[in-house]
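Participant: Dropping in my_file_18.cif, which is mmCIF, C-alpha atoms and all ligand atoms:
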data_upload
loop_
_atom_site.label_atom_id
_atom_site.label_comp_id
_atom_site.auth_asym_id
_atom_site.auth_seq_id
_atom_site.Cartn_x
_atom_site.Cartn_y
_atom_site.Cartn_z
CA MET A 1441 1.56 -86.28 98.01
CA LYS A 1442 0.46 -86.94 94.47
CA LYS A 1443 -3.08 -85.99 95.42
CA PHE A 1444 -1.79 -82.80 96.99
CA LEU A 1445 0.13 -81.83 93.85
CA ILE A 1446 -2.88 -82.47 91.68
CA GLY A 1447 -4.86 -80.28 94.06
CA VAL A 1448 -2.32 -77.46 93.76
CA LEU A 1449 -2.27 -77.71 89.97
CA MET A 1450 -6.06 -77.79 89.83
CA SER A 1451 -6.34 -74.76 92.06
CA LEU A 1452 -3.83 -72.85 89.92
CA PHE A 1453 -5.90 -73.71 86.89
CA PHE A 1454 -9.08 -72.54 88.57
CA ILE A 1455 -7.58 -69.36 89.95
CA SER A 1456 -6.30 -68.30 86.57
CA SER A 1457 -9.65 -68.92 84.91
CA THR A 1458 -11.91 -67.51 87.59
CA LYS A 1459 -14.38 -65.01 86.25
CA ALA A 1460 -17.74 -64.57 87.76
CA HIS A 1461 -20.68 -65.34 85.54
CA PHE A 1462 -23.85 -63.40 86.19
CA LEU A 1463 -27.31 -63.61 84.81
CA VAL A 1464 -28.00 -59.89 84.51
CA LEU A 1465 -31.65 -59.00 85.04
CA ILE A 1466 -32.24 -55.27 84.92
CA PRO A 1467 -35.47 -53.27 84.76
CA GLU A 1468 -35.42 -49.73 83.42
CA LYS A 1469 -36.67 -48.55 86.85
CA ASP A 1470 -36.62 -49.99 90.35
CA VAL A 1471 -39.14 -47.55 91.81
CA ILE A 1472 -42.25 -46.60 89.86
CA GLU A 1473 -44.08 -43.70 91.43
CA LYS A 1474 -46.79 -42.95 88.94
CA GLY A 1475 -48.20 -43.79 85.55
CA LYS A 1476 -49.52 -46.98 84.10
CA GLY A 1477 -48.01 -49.19 81.55
CA VAL A 1478 -44.90 -51.10 80.89
CA VAL A 1479 -41.44 -51.46 82.36
CA ASN A 1480 -38.81 -52.81 80.04
CA LEU A 1481 -36.49 -55.54 81.27
CA GLU A 1482 -33.35 -57.04 79.91
CA ALA A 1483 -31.62 -60.34 80.58
CA ARG A 1484 -28.06 -61.13 79.60
CA PHE A 1485 -25.57 -63.79 80.67
CA THR A 1486 -22.23 -62.10 81.05
CA HIS A 1487 -19.34 -60.91 83.22
CA PRO A 1488 -20.79 -57.58 84.38
CA MET A 1489 -17.72 -55.82 85.72
CA GLU A 1490 -15.58 -56.82 82.74
CA GLY A 1491 -18.31 -55.88 80.29
CA GLY A 1492 -18.20 -59.29 78.63
CA PRO A 1493 -17.82 -61.70 77.03
CA ASN A 1494 -21.52 -62.44 76.68
CA MET A 1495 -22.52 -66.08 76.78
CA GLU A 1496 -25.29 -68.05 75.13
CA PHE A 1497 -28.34 -68.99 77.18
CA SER A 1498 -32.05 -69.43 76.97
CA ILE A 1499 -34.72 -68.59 79.51
CA MET A 1500 -35.96 -71.80 81.13
CA GLU A 1501 -38.45 -70.16 83.42
CA SER A 1502 -39.53 -66.63 84.32
CA ALA A 1503 -42.37 -64.83 86.04
CA PHE A 1504 -43.17 -61.90 88.21
CA PHE A 1505 -45.02 -62.05 91.48
CA ILE A 1506 -47.25 -59.50 93.17
CA LYS A 1507 -47.62 -61.11 96.60
CA GLU A 1508 -48.67 -64.69 95.77
CA GLU A 1509 -50.06 -63.80 92.35
CA ARG A 1510 -47.87 -65.22 89.62
CA ASN A 1511 -47.79 -63.42 86.27
CA SER A 1512 -46.07 -64.43 83.08
CA LEU A 1513 -43.48 -62.46 81.16
CA ASN A 1514 -42.85 -62.32 77.44
CA TRP A 1515 -39.33 -62.16 76.10
CA GLN A 1516 -37.88 -61.31 72.72
CA ARG A 1517 -34.59 -62.87 71.76
CA LYS A 1518 -31.90 -60.62 70.32
CA SER A 1519 -28.47 -61.40 68.93
CA ILE A 1520 -25.54 -59.55 70.45
CA PRO A 1521 -21.82 -59.94 69.81
CA VAL A 1522 -19.84 -62.08 72.25
CA THR A 1523 -17.48 -59.16 72.72
CA LYS A 1524 -17.62 -55.68 71.25
CA GLY A 1525 -17.11 -55.86 67.49
CA SER A 1526 -17.06 -59.66 67.41
CA THR A 1527 -18.88 -61.42 64.57
CA LYS A 1528 -19.76 -64.31 66.87
CA LYS A 1529 -23.25 -63.73 68.25
CA VAL A 1530 -25.12 -64.97 71.30
CA SER A 1531 -28.59 -64.40 72.73
CA MET A 1532 -29.93 -61.78 75.06
CA TYR A 1533 -33.56 -61.09 75.85
CA THR A 1534 -35.72 -58.04 76.28
CA GLY A 1535 -39.00 -58.26 78.07
CA SER A 1536 -41.76 -56.08 79.34
CA LEU A 1537 -43.68 -56.14 82.55
CA ASN A 1538 -47.17 -54.68 82.64
CA PHE A 1539 -48.00 -52.80 85.79
CA SER A 1540 -51.31 -51.29 86.73
CA LYS A 1541 -51.76 -51.78 90.45
CA PRO A 1542 -49.69 -50.94 93.51
CA GLY A 1543 -47.42 -53.65 94.81
CA ILE A 1544 -44.02 -55.18 95.25
CA TYR A 1545 -43.23 -56.77 91.92
CA GLN A 1546 -40.69 -59.58 92.21
CA VAL A 1547 -39.27 -60.70 88.87
CA PHE A 1548 -37.18 -63.84 88.37
CA VAL A 1549 -35.49 -65.56 85.45
CA THR A 1550 -33.89 -69.01 85.38
CA SER A 1551 -31.27 -69.58 82.69
CA SER A 1552 -30.57 -72.82 80.89
CA PRO A 1553 -27.41 -74.64 82.08
CA TYR A 1554 -24.35 -73.33 80.23
CA PHE A 1555 -21.20 -75.41 79.78
CA GLU A 1556 -18.12 -73.53 80.93
CA SER A 1557 -15.32 -75.48 79.30
CA SER A 1558 -12.52 -73.69 81.18
CA GLU A 1559 -13.98 -74.93 84.45
CA GLY A 1560 -15.38 -78.26 83.26
CA LYS A 1561 -18.81 -77.60 84.68
CA TYR A 1562 -22.28 -76.36 83.86
CA ILE A 1563 -23.53 -73.07 85.25
CA GLN A 1564 -27.16 -72.17 85.81
CA GLN A 1565 -28.43 -69.01 87.39
CA ILE A 1566 -31.69 -67.86 88.91
CA ALA A 1567 -31.79 -64.08 88.98
CA LYS A 1568 -34.32 -61.83 90.63
CA VAL A 1569 -34.99 -58.13 90.93
CA ILE A 1570 -37.59 -56.39 93.05
CA LEU A 1571 -39.60 -53.32 92.03
CA SER A 1572 -41.74 -51.03 94.10
CA VAL A 1573 -44.85 -49.82 92.28
CA PHE A 1574 -46.93 -46.86 93.51
CA GLY A 1575 -45.41 -46.48 96.93
CA ILE A 1576 -45.80 -50.02 98.26
CA GLU A 1577 -42.82 -50.78 100.48
CA GLU A 1578 -43.86 -53.99 102.21
CA GLY A 1579 -43.36 -57.58 101.16
CA TRP A 1580 -39.97 -57.28 99.48
CA ASP A 1581 -38.57 -59.93 101.84
CA ARG A 1582 -41.04 -62.61 100.80
CA PRO A 1583 -39.08 -65.57 99.37
CA LEU A 1584 -40.24 -66.80 95.99
CA GLY A 1585 -39.27 -70.38 96.79
CA LEU A 1586 -36.49 -70.54 94.20
CA LYS A 1587 -33.96 -73.39 94.34
CA VAL A 1588 -31.22 -70.97 95.37
CA GLU A 1589 -32.39 -67.57 96.50
CA ILE A 1590 -31.10 -64.42 98.17
CA VAL A 1591 -33.72 -62.89 100.42
CA PRO A 1592 -32.98 -59.22 101.13
CA LEU A 1593 -32.88 -57.92 104.70
CA VAL A 1594 -32.45 -54.38 103.47
CA LYS A 1595 -35.11 -52.79 101.28
CA PRO A 1596 -33.82 -53.80 97.84
CA PHE A 1597 -34.84 -50.65 95.99
CA GLY A 1598 -34.33 -46.98 96.66
CA LEU A 1599 -30.77 -47.50 97.97
CA TRP A 1600 -28.08 -44.85 98.20
CA GLU A 1601 -24.51 -45.51 97.20
CA GLY A 1602 -22.62 -46.34 100.39
CA ASN A 1603 -25.57 -48.25 101.86
CA THR A 1604 -24.89 -51.71 103.22
CA PHE A 1605 -26.83 -54.46 101.55
CA LYS A 1606 -27.69 -57.45 103.69
CA GLY A 1607 -29.20 -60.69 102.50
CA ARG A 1608 -29.85 -64.26 103.49
CA VAL A 1609 -29.05 -67.19 101.25
CA LEU A 1610 -31.63 -69.96 101.07
CA ILE A 1611 -31.02 -73.27 99.34
CA GLU A 1612 -34.25 -75.20 98.83
CA GLY A 1613 -35.77 -72.79 101.34
CA LYS A 1614 -33.22 -73.43 104.10
CA PRO A 1615 -30.59 -70.93 105.33
CA ALA A 1616 -27.22 -71.79 103.80
CA LYS A 1617 -24.07 -71.24 105.85
CA ASN A 1618 -20.57 -70.76 104.52
CA VAL A 1619 -21.71 -70.02 100.98
CA GLU A 1620 -19.70 -67.66 98.78
CA VAL A 1621 -21.59 -64.68 97.45
CA GLU A 1622 -19.95 -63.01 94.46
CA VAL A 1623 -20.57 -59.31 94.03
CA GLU A 1624 -20.15 -57.35 90.82
CA TYR A 1625 -20.91 -53.92 89.49
CA LEU A 1626 -22.75 -53.73 86.17
CA ASN A 1627 -20.06 -51.74 84.52
CA THR A 1628 -21.78 -49.13 82.38
CA LYS A 1629 -19.11 -46.50 83.03
CA GLY A 1630 -16.02 -48.21 81.65
CA VAL A 1631 -14.46 -48.67 85.11
CA LYS A 1632 -11.10 -50.44 84.82
CA PRO A 1633 -10.11 -52.22 88.02
CA PRO A 1634 -6.36 -51.79 88.67
CA VAL A 1635 -5.99 -55.44 89.69
CA ASP A 1636 -8.07 -58.44 88.63
CA SER A 1637 -8.92 -59.23 92.23
CA LEU A 1638 -11.18 -56.17 92.25
CA ILE A 1639 -13.40 -57.51 89.47
CA THR A 1640 -15.41 -59.79 91.73
CA GLN A 1641 -15.86 -59.03 95.39
CA VAL A 1642 -16.63 -62.04 97.56
CA VAL A 1643 -18.43 -62.25 100.88
CA LYS A 1644 -19.44 -65.41 102.71
CA THR A 1645 -22.58 -66.29 104.59
CA ASP A 1646 -22.41 -66.85 108.34
CA GLU A 1647 -23.86 -69.77 110.33
CA MET A 1648 -27.39 -68.46 109.74
CA GLY A 1649 -26.93 -67.79 106.03
CA TYR A 1650 -26.58 -64.01 106.31
CA PHE A 1651 -24.09 -61.86 104.41
CA GLU A 1652 -23.57 -58.16 103.91
CA TYR A 1653 -21.73 -55.85 101.58
CA THR A 1654 -21.37 -52.09 101.47
CA ILE A 1655 -22.06 -50.73 97.99
CA PRO A 1656 -19.18 -48.39 97.14
CA TRP A 1657 -20.70 -46.41 94.27
CA ALA A 1658 -23.91 -45.86 92.36
CA GLY A 1659 -25.25 -48.22 89.74
CA TRP A 1660 -26.64 -51.71 89.49
CA TRP A 1661 -24.95 -54.33 91.68
CA GLY A 1662 -25.39 -58.08 91.42
CA PHE A 1663 -25.03 -60.58 94.26
CA SER A 1664 -24.70 -64.24 93.36
CA ALA A 1665 -24.79 -67.04 95.92
CA ILE A 1666 -22.81 -69.90 94.43
CA THR A 1667 -23.76 -73.50 95.13
CA GLU A 1668 -22.28 -76.62 93.65
CA LYS A 1669 -24.22 -79.55 94.99
CA GLU A 1670 -25.80 -80.85 91.85
CA THR A 1671 -24.62 -82.72 88.80
CA ILE A 1672 -25.92 -82.76 85.27
CA LYS A 1673 -25.52 -85.04 82.28
CA GLY A 1674 -23.67 -83.15 79.58
CA ALA A 1675 -24.23 -83.18 75.83
CA ASP A 1676 -21.49 -85.83 75.61
CA GLY A 1677 -23.32 -88.11 78.06
CA LYS A 1678 -20.78 -87.55 80.86
CA VAL A 1679 -21.78 -86.30 84.29
CA TYR A 1680 -20.58 -82.79 85.19
CA PRO A 1681 -20.92 -80.57 88.26
CA LEU A 1682 -23.77 -78.08 88.00
CA GLU A 1683 -23.14 -74.75 89.68
CA VAL A 1684 -26.38 -73.00 90.54
CA GLY A 1685 -26.20 -69.33 91.38
CA GLY A 1686 -28.97 -67.45 93.15
CA VAL A 1687 -28.68 -63.83 92.04
CA ILE A 1688 -30.26 -60.58 93.15
CA TRP A 1689 -29.80 -57.19 91.46
CA VAL A 1690 -30.10 -53.93 93.36
CA ARG A 1691 -29.60 -50.36 92.26
CA ALA A 1692 -27.78 -47.72 94.27
CA TYR A 1693 -28.57 -44.07 93.54
CA PRO A 1694 -25.72 -41.56 93.44
CA LYS A 1695 -24.89 -39.55 96.50
CA PRO A 1696 -26.61 -36.15 96.08
CA LYS A 1697 -24.22 -33.45 94.92
CA GLU A 1698 -25.21 -31.23 97.87
CA VAL A 1699 -23.56 -33.64 100.33
CA LYS A 1700 -20.64 -34.91 98.26
CU CU B 1801 -18.08 -66.85 80.86
#
Rewrite the structure from the file as structure tokens, please.
Ligand SMILES: [Cu+2]
Facilitator:
Amino acid sequence: MKKFLIGVLMSLFFISSTKAHFLVLIPEKDVIEKGKGVVNLEARFTHPMEGGPNMEFSIMESAFFIKEERNSLNWQRKSIPVTKGSTKKVSMYTGSLNFSKPGIYQVFVTSSPYFESSEGKYIQQIAKVILSVFGIEEGWDRPLGLKVEIVPLVKPFGLWEGNTFKGRVLIEGKPAKNVEVEVEYLNTKGVKPPVDSLITQVVKTDEMGYFEYTIPWAGWWGFSAITEKETIKGADGKVYPLEVGGVIWVRAYPKPKEVK
């Protein structure tokens, strides 16, 4: 009984403090049709639908792949306010990806573990985004071999709003059943959800690790497969749970006005 009560109290605590954290990894374009040069990227650790607060992180690892070819990325750190107008600053990063040849460019960033005091755990995310350069449309479903990874089953670029996105969650390369996938809109339009439950949409993976979600409107959408199997030694020497999220970002284009 006592255990049960503690469980209820704990769950109340967690419910009231639930906010999805996302490592946002956004390129200025998802489809590059012509030209030569550079695509700018940005990486932030935030609550995308709520527009903040931003949280401190550093980039532990990052690269972009063209097939098996691994290329490095350079990042510049910038200070941004935790919330709009706040004097407290945290880090975000801007980067650039050089493109010159056709291919599927898969970019990933791994964040440093972040201590979320309200949940008593560390959070680490591995985010990826997939670009199509010069008309190449094959190879976007090649896993990168990340610790937690969402492999798309729908072409992850050139999507319309209203398309259904389908993915498969892999943990250490194996399909992961019954995993929660949090879904959030990168809120650049000042959308205000009427109830908090609309901030983060949640879908679960089936027995084979598949999940799907229909994107309701245009913009960048993040999917984060949440796993909590690891632990980490905190700054205070104690052992804490480590939540690792495997994130993918996809962009939906607006429905053409002719058919609206
Ligand atoms: Cu947070």
Participant: Mind listing the residues within 9 Å of ligand CU 1801 (chain B), all atoms listed in the file counted, as a ChimeraX atom specification?
Facilitator: /A:1459-1462,1485-1487,1492-1495,1556,1558
Participant: Identify which of the residues A:Pro1634, A:Glu1490, A:Asn1511, A:Gly1560 lies closest to Val1679 of chain A, counting only C-alpha atoms when measuring atom-to-atom distances.
Facilitator: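 Nearest to Val1679 of chain A: A:Gly1560.
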Participant: Which one is closest to Gln1546 of chain A: A:Trp1660, A:Trp1689, A:Phe1605, A:Trp1515? Count only C-alpha atoms.
Facilitator: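 Using only C-alpha atoms, Gln1546 of chain A sits closest to A:Trp1689.
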Participant: Write out as a list in words each polymer residue whose atoms come within 7 Å of Ile1611 of chain A, counting all atoms listed in the file; drop sequence neighbours fewer than 3 positions from it.
Facilitator: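 In the requested form, the answer reads Lys1587, Val1588, Glu1589, Lys1614, Pro1615 and Ala1616 of chain A.
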Participant: Please determine, counting all atoms listed in the file, which residue among A:Ser1552, A:Gly1579, A:Arg1691, A:Phe1504 has the shortest atom-to-atom distance to Tyr1625 of chain A.
Facilitator: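 Of A:Ser1552, A:Gly1579, A:Arg1691, A:Phe1504, the one nearest Tyr1625 of chain A, counting all atoms listed in the file, is A:Arg1691.
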Participant: Near Leu1593 of chain A, counting all atoms listed in the file, which residues have an atom at most 10 Å away, once you skip same-chain residues fewer than 4 positions from it, shown as a count of residues only?
Facilitator: 9
Participant: Hey, which of A:Gly1662, A:Gly1613, A:Gly1630, A:Gly1535 ends up closest to Val1642 of chain A? Count all atoms listed in the file.
Facilitator: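 Checking each of A:Gly1662, A:Gly1613, A:Gly1630, A:Gly1535 against Val1642 of chain A, counting all atoms listed in the file, the winner is A:Gly1662.
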